[in-house]
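Notes for the one structure printed next.
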Amino acid sequence: MEHTILSDTRILIDLDRIAGNMRAVKNMAGPQVTVAAVVKADAYGHGAAAIAPTLMENGAGLLAVANLAEALELKKAYPQYPVFIMGLTPDRLLPLVVEYGIIQTVDTLHQAQVLSRLAGEQKKTAVIHIKYDTGFHRLGFPAVPKSLEEIRQICALPGIDAQGFYSHLALKDDASNKAQFTAFMEAADALKQMGCTFRFRHIADSISGVDDPEYRLDMIRTGALLYGLKGFHRGTLAIRQALTFRTRISHISHVKKGEGVSYDYVWTASQDTRVGTLPFGYADGYPRCLGNGKGVVLICGKRVPIIGVLCMDQCMVDLTGIPQARVGDEVIIYGNGSDAAPDIQEISQLAGTNKNEIAARLTRRPPRVYIHGDQCAEESRDKREASL
């Protein structure tokens, strides 16, 4: 429904590709391994609430997020979906975790005791995954004997379902990954001897989930793979990028030789030049560092450079090589691999960062348009928030 979109700058999400990627991950993992679909950071810019049904219908066992706000958005929209917070939640907010039946990461005996008390007060069960630090040093119980004893106490608390035990690889190299995995399994085995067993033991993310089958255990946590963003090195998996980022030419200027464009005139015309203005900028999530000739977009099937300083809401391109370009012509900012436009992987290399940042930094200002077969639906921020 193109007429309902209130901006020429929009992000298209191919739900069929997301479904295919989800099935590919599930088929790779096998029937005995649960796939946690990581939809933190608004599903890496794809819109968590909008794509959640596609993921769940195509093999996801649960939805994984970073914090309580992200979890509540999903639980209010889909109360029946299991949602797992991979970060920590302050004590004062834990009543909401129990109330909404959210799966919570804990890495202290204290927080587990708080959840146990709240579960009793609300006459519910608090489901938790216990984080164990094998060397990433971000979250988790430290790898010391005292931690195992405290975890044993957690497993015995009333109202607590210690469903999972997990860690995170630093992904430095194979040797350090192996050392972390070994430390994790030794801890899991020791806890089993102490009477603590877990439905889910997990340590593998998108990269190790593909590259290291022995690390898959009972669950893998996959994010980038679901969106068609490749990060693995040794393994193979047929995935396709689901996102494209598009706009249209809003204005064309005729700049004379020697005149400047944008702030500080860091770009000046070496000849008389047709300059196109495009209605997107760094406030939409495009990297500001890709201005002044570093970034390119696709217009009329040809790559053209962004010139001058990239603005918050707009940027300019050199149209010299495409004299047929007109106001209203479509511009592909990020392609999905089916055209000559730079895809997210290429953009990340140009910007000197990784693909996940490029996707996750896309703001909610550009409306998302969800494509499924021949159907097209727009999901604006206002519409999504109104449904919650």
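Chain labels A, B, ... are given in the sequence in which chains occur in the structure tokens; within each chain residues are numbered consecutively from 1, and ligands are likewise numbered from 1 in the order shown.
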Quiz item: Residues at most 7 Å from Phe136 (chain A), counting only C-alpha atoms, excluding those fewer than 6 positions away in the same chain, as a list in words?
Solution: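 My reading of the contact set: His168, Leu169 and Ala170 of chain A.
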Could you name the residues that touch Ala162 (chain A) at 10 Å or less, counting only C-alpha atoms, but leaving out those on the same chain fewer than 2 positions away, as a PyMOL selection string?
chain A and resi 103-106+112+126-130+151+154-157+159-160+164-165+196-200
File dump, residues just selected, N, CA, C and O atoms, as a CSV table (one decimal), in the first residue's frame:
```csv
chain,number,residue,atom,x,y,z
A,103,ILE,N,11.5,-14.7,30.7
A,103,ILE,CA,12.7,-15.5,31.1
A,103,ILE,C,13.9,-14.5,31.3
A,103,ILE,O,14.2,-13.7,30.5
A,104,GLN,N,14.4,-14.6,32.5
A,104,GLN,CA,15.4,-13.6,33.0
A,104,GLN,C,16.8,-14.2,33.2
A,104,GLN,O,16.9,-15.2,33.8
A,105,THR,N,17.8,-13.5,32.7
A,105,THR,CA,19.2,-13.9,33.0
A,105,THR,C,19.5,-13.4,34.4
A,105,THR,O,19.2,-12.3,34.8
A,106,VAL,N,20.2,-14.3,35.2
A,106,VAL,CA,20.7,-13.9,36.5
A,106,VAL,C,22.1,-14.3,36.6
A,106,VAL,O,22.6,-15.3,36.0
A,112,ALA,N,18.4,-14.0,42.2
A,112,ALA,CA,17.6,-15.2,42.1
A,112,ALA,C,16.7,-15.2,43.4
A,112,ALA,O,15.5,-15.6,43.3
A,126,ALA,N,9.2,-18.1,38.4
A,126,ALA,CA,10.1,-17.2,37.7
A,126,ALA,C,11.1,-18.2,36.9
A,126,ALA,O,11.8,-19.0,37.6
A,127,VAL,N,11.1,-18.0,35.6
A,127,VAL,CA,12.0,-18.8,34.8
A,127,VAL,C,13.3,-18.0,34.5
A,127,VAL,O,13.3,-16.9,34.2
A,128,ILE,N,14.4,-18.7,34.8
A,128,ILE,CA,15.7,-18.0,34.6
A,128,ILE,C,16.7,-18.8,33.8
A,128,ILE,O,16.6,-20.0,33.7
A,129,HIS,N,17.7,-18.1,33.2
A,129,HIS,CA,18.9,-18.7,32.7
A,129,HIS,C,20.0,-18.1,33.5
A,129,HIS,O,20.1,-16.9,33.7
A,130,ILE,N,20.9,-19.0,33.9
A,130,ILE,CA,22.1,-18.5,34.7
A,130,ILE,C,23.3,-18.3,33.8
A,130,ILE,O,23.7,-19.2,33.1
A,151,ILE,N,25.1,-21.3,42.6
A,151,ILE,CA,24.2,-21.7,41.6
A,151,ILE,C,23.4,-22.9,42.1
A,151,ILE,O,22.2,-23.1,41.8
A,154,ILE,N,20.6,-21.6,44.0
A,154,ILE,CA,19.6,-21.0,43.1
A,154,ILE,C,18.7,-22.1,42.7
A,154,ILE,O,17.4,-22.0,42.6
A,155,CYS,N,19.3,-23.2,42.2
A,155,CYS,CA,18.4,-24.3,41.7
A,155,CYS,C,17.5,-24.9,42.7
A,155,CYS,O,16.4,-25.5,42.4
A,156,ALA,N,17.7,-24.7,44.0
A,156,ALA,CA,16.9,-25.2,45.1
A,156,ALA,C,15.9,-24.2,45.6
A,156,ALA,O,15.0,-24.5,46.4
A,157,LEU,N,15.9,-23.0,45.0
A,157,LEU,CA,15.0,-21.9,45.5
A,157,LEU,C,13.5,-22.2,45.1
A,157,LEU,O,13.3,-22.6,44.0
A,159,GLY,N,9.9,-21.6,43.7
A,159,GLY,CA,9.3,-20.6,42.7
A,159,GLY,C,10.3,-20.3,41.6
A,159,GLY,O,10.0,-19.5,40.7
A,160,ILE,N,11.4,-21.0,41.5
A,160,ILE,CA,12.4,-20.7,40.5
A,160,ILE,C,12.5,-21.9,39.6
A,160,ILE,O,12.7,-23.0,40.0
A,164,GLY,N,17.9,-22.6,32.2
A,164,GLY,CA,19.1,-22.6,31.3
A,164,GLY,C,20.4,-22.2,32.1
A,164,GLY,O,20.4,-21.6,33.1
A,165,PHE,N,21.5,-22.7,31.5
A,165,PHE,CA,22.8,-22.3,32.0
A,165,PHE,C,23.6,-22.0,30.7
A,165,PHE,O,23.7,-22.8,29.8
A,196,CYS,N,22.2,-30.1,40.0
A,196,CYS,CA,21.6,-29.1,39.1
A,196,CYS,C,21.6,-29.5,37.6
A,196,CYS,O,22.7,-29.6,37.1
A,197,THR,N,20.5,-29.7,37.0
A,197,THR,CA,20.5,-30.0,35.6
A,197,THR,C,19.6,-29.0,34.9
A,197,THR,O,18.7,-28.4,35.6
A,198,PHE,N,19.9,-28.7,33.7
A,198,PHE,CA,19.3,-27.6,32.9
A,198,PHE,C,18.7,-28.2,31.6
A,198,PHE,O,19.3,-29.0,30.9
A,199,ARG,N,17.5,-27.6,31.3
A,199,ARG,CA,16.9,-28.0,30.0
A,199,ARG,C,17.8,-27.5,28.8
A,199,ARG,O,18.0,-28.1,27.8
A,200,PHE,N,18.4,-26.3,29.0
A,200,PHE,CA,19.2,-25.6,28.0
A,200,PHE,C,20.6,-25.3,28.5
A,200,PHE,O,20.7,-24.5,29.4
```
Gly258 (chain A) environment, 12 Å, only C-alpha atoms, sequence neighbours closer than 2 positions dropped, as JSON, numbers by chain: {"A": [255, 256, 260, 261, 265, 266, 267, 268, 269, 270, 271, 272, 273]}
Save out the residues we just selected, C-alpha atoms, as an mmCIF file, in the first residue's frame.
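The resulting part.cif:
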```cif
data_model
loop_
_atom_site.group_PDB
_atom_site.id
_atom_site.type_symbol
_atom_site.label_atom_id
_atom_site.label_comp_id
_atom_site.auth_asym_id
_atom_site.auth_seq_id
_atom_site.Cartn_x
_atom_site.Cartn_y
_atom_site.Cartn_z
ATOM 1 C CA VAL A 255 26.262 23.617 -9.550
ATOM 2 C CA LYS A 256 28.849 25.603 -11.463
ATOM 3 C CA GLY A 260 30.755 24.088 -3.086
ATOM 4 C CA VAL A 261 28.171 21.669 -1.759
ATOM 5 C CA TYR A 265 32.399 23.219 1.144
ATOM 6 C CA VAL A 266 34.615 20.185 1.626
ATOM 7 C CA TRP A 267 33.480 19.230 -1.889
ATOM 8 C CA THR A 268 33.665 21.714 -4.724
ATOM 9 C CA ALA A 269 32.683 21.098 -8.311
ATOM 10 C CA SER A 270 35.593 20.461 -10.671
ATOM 11 C CA GLN A 271 33.186 21.089 -13.559
ATOM 12 C CA ASP A 272 29.587 22.155 -14.032
ATOM 13 C CA THR A 273 27.669 19.423 -12.204
#
```
- request: Name the residues in contact with region 317-329 of chain A at a cut-off of 6 Å, using only C-alpha atoms, excluding same-chain residues fewer than 5 positions from it; report them as a ChimeraX atom specification.
  value: /A:248-251,273-276,305-307
Please write the residues from the selection above to a file, keeping N, CA and C atoms, as a short mmCIF file (atom, residue, chain, number, x, y, z; two decimals), in the first residue's frame.
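Generated file (again_15.cif):
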```cif
data_model
loop_
_atom_site.label_atom_id
_atom_site.label_comp_id
_atom_site.auth_asym_id
_atom_site.auth_seq_id
_atom_site.Cartn_x
_atom_site.Cartn_y
_atom_site.Cartn_z
N ARG A 248 14.06 8.37 -2.82
CA ARG A 248 13.88 8.94 -4.15
C ARG A 248 14.56 10.31 -4.21
N ILE A 249 14.97 10.70 -5.38
CA ILE A 249 15.57 12.03 -5.56
C ILE A 249 14.51 13.08 -5.25
N SER A 250 14.85 14.02 -4.37
CA SER A 250 13.89 15.05 -3.99
C SER A 250 14.13 16.39 -4.68
N HIS A 251 15.36 16.61 -5.18
CA HIS A 251 15.69 17.92 -5.76
C HIS A 251 16.94 17.75 -6.61
N THR A 273 28.13 20.72 -12.71
CA THR A 273 27.67 19.42 -12.20
C THR A 273 26.20 19.45 -11.84
N ARG A 274 25.48 18.40 -12.22
CA ARG A 274 24.12 18.19 -11.72
C ARG A 274 24.23 17.47 -10.37
N VAL A 275 23.63 18.06 -9.36
CA VAL A 275 23.70 17.50 -8.00
C VAL A 275 22.29 17.12 -7.55
N GLY A 276 22.14 15.89 -7.15
CA GLY A 276 20.85 15.43 -6.65
C GLY A 276 20.82 15.46 -5.13
N PRO A 305 28.43 8.68 -6.35
CA PRO A 305 28.99 8.99 -5.04
C PRO A 305 28.18 10.04 -4.28
N ILE A 306 28.15 9.87 -2.96
CA ILE A 306 27.65 10.92 -2.08
C ILE A 306 28.73 11.98 -1.98
N ILE A 307 28.37 13.25 -2.16
CA ILE A 307 29.37 14.32 -2.16
C ILE A 307 29.11 15.29 -1.01
#
```
*Nearby residues (only C-alpha atoms) at most 9 Å from region 117-121 of chain A, same-chain spacing under 2 positions excluded, as a list in words*: Leu94, Pro95, Val98, Glu99, Ala112, Gln113, Val114, Leu115, Lys123, Lys124, Thr125, Ala126, Pro158, Gly159 and Ile160 of chain A
Here CA of Asp218 (chain A) and CA of Leu243 (chain A) stand apart by 29.7 Å
| query | So which one's closest to Ala224 (chain A), A:Leu148, A:Leu96, A:Ile51, A:Ala43? Using only C-alpha atoms, please. | reply |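 Answer, going by the shortest atom-to-atom distance: A:Ala43.
Among the candidates A:Gly47, A:Gly20, A:Pro53, A:Pro213, the one nearest to Arg240 (chain A) when counting only C-alpha atoms is A:Gly20.
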### Message
From a backbone DSSP assignment, name each residue in region 36-117 of chain A labelled alpha helix (DSSP H), as a ChimeraX atom specification.
### Response
/A:40-44,48-57,68-77,94-99,109-117
Among the residues A:Ala64, A:Ile203, A:Val35, A:Ile220, the one that comes closest to Phe181 (chain A) [using only C-alpha atoms]: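 Of A:Ala64, A:Ile203, A:Val35, A:Ile220, the one nearest Phe181 (chain A), counting only C-alpha atoms, is A:Ile203.
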Item to complete: Within 8 Å of Thr363 (chain A), counting only C-alpha atoms, which residues show up once you throw out same-chain ones fewer than 2 positions away? Write them as a list in words, please.
Response: Gly45, Ala283, Asp284, Gly285, Ala360, Arg361, Arg365 and Pro366 of chain A
Export all heavy atoms of the chosen residues as a compact mmCIF listing (two decimals), in the first residue's frame?
```txt
# COMPACT_ATOMS: atom_id res chain seq x y z
N GLY A 45 17.26 -3.60 13.61
CA GLY A 45 16.68 -2.61 12.72
C GLY A 45 15.55 -3.10 11.83
O GLY A 45 14.98 -2.32 11.07
N ALA A 283 20.56 10.85 10.70
CA ALA A 283 19.45 10.63 11.64
C ALA A 283 18.62 9.42 11.27
O ALA A 283 17.84 8.92 12.08
CB ALA A 283 18.56 11.86 11.73
N ASP A 284 18.76 8.93 10.06
CA ASP A 284 18.10 7.69 9.64
C ASP A 284 18.96 6.46 9.91
O ASP A 284 18.50 5.34 9.71
CB ASP A 284 17.75 7.76 8.15
CG ASP A 284 16.82 8.91 7.84
OD1 ASP A 284 15.66 8.85 8.28
OD2 ASP A 284 17.26 9.89 7.20
N GLY A 285 20.20 6.70 10.34
CA GLY A 285 21.09 5.60 10.65
C GLY A 285 22.20 5.37 9.65
O GLY A 285 23.02 4.46 9.81
N ALA A 360 21.74 -2.37 12.93
CA ALA A 360 21.13 -1.97 14.19
C ALA A 360 21.03 -0.46 14.35
O ALA A 360 20.17 0.03 15.09
CB ALA A 360 21.93 -2.56 15.36
N ARG A 361 21.90 0.29 13.66
CA ARG A 361 21.86 1.75 13.83
C ARG A 361 20.74 2.40 13.02
O ARG A 361 20.46 3.58 13.19
CB ARG A 361 23.21 2.35 13.45
CG ARG A 361 23.52 2.35 11.95
CD ARG A 361 24.96 2.74 11.67
NE ARG A 361 25.23 4.10 12.09
CZ ARG A 361 26.45 4.62 12.24
NH1 ARG A 361 27.51 3.87 12.03
NH2 ARG A 361 26.61 5.88 12.59
N ARG A 365 12.84 6.18 12.30
CA ARG A 365 12.22 7.21 11.48
C ARG A 365 11.81 6.70 10.10
O ARG A 365 10.67 6.95 9.68
CB ARG A 365 13.15 8.43 11.35
CG ARG A 365 12.50 9.53 10.52
CD ARG A 365 13.22 10.86 10.66
NE ARG A 365 14.48 10.90 9.94
CZ ARG A 365 15.23 12.00 9.85
NH1 ARG A 365 14.87 13.10 10.47
NH2 ARG A 365 16.36 11.98 9.18
N PRO A 366 12.67 6.01 9.36
CA PRO A 366 12.20 5.49 8.07
C PRO A 366 11.15 4.41 8.30
O PRO A 366 11.39 3.47 9.06
CB PRO A 366 13.47 4.89 7.45
CG PRO A 366 14.61 5.44 8.23
CD PRO A 366 14.09 5.69 9.59
```
query: What does the distance between CA of Arg303 (chain A) and CA of Tyr334 (chain A) come to in Å, to one decimal place?
result: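 Distance between the two atoms: 11.5 Å.
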Using only C-alpha atoms, the best pick from A:Gly308, A:Gly293, A:Gly301, A:Gly231 as closest to Glu330 (chain A) would be A:Gly301
At what distance in Å, to one decimal, does CA of Lys131 (chain A) lie from CA of Gln193 (chain A)?
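Separation between CA of Gln193 (chain A) and CA of Lys131 (chain A): 18.5 Å.
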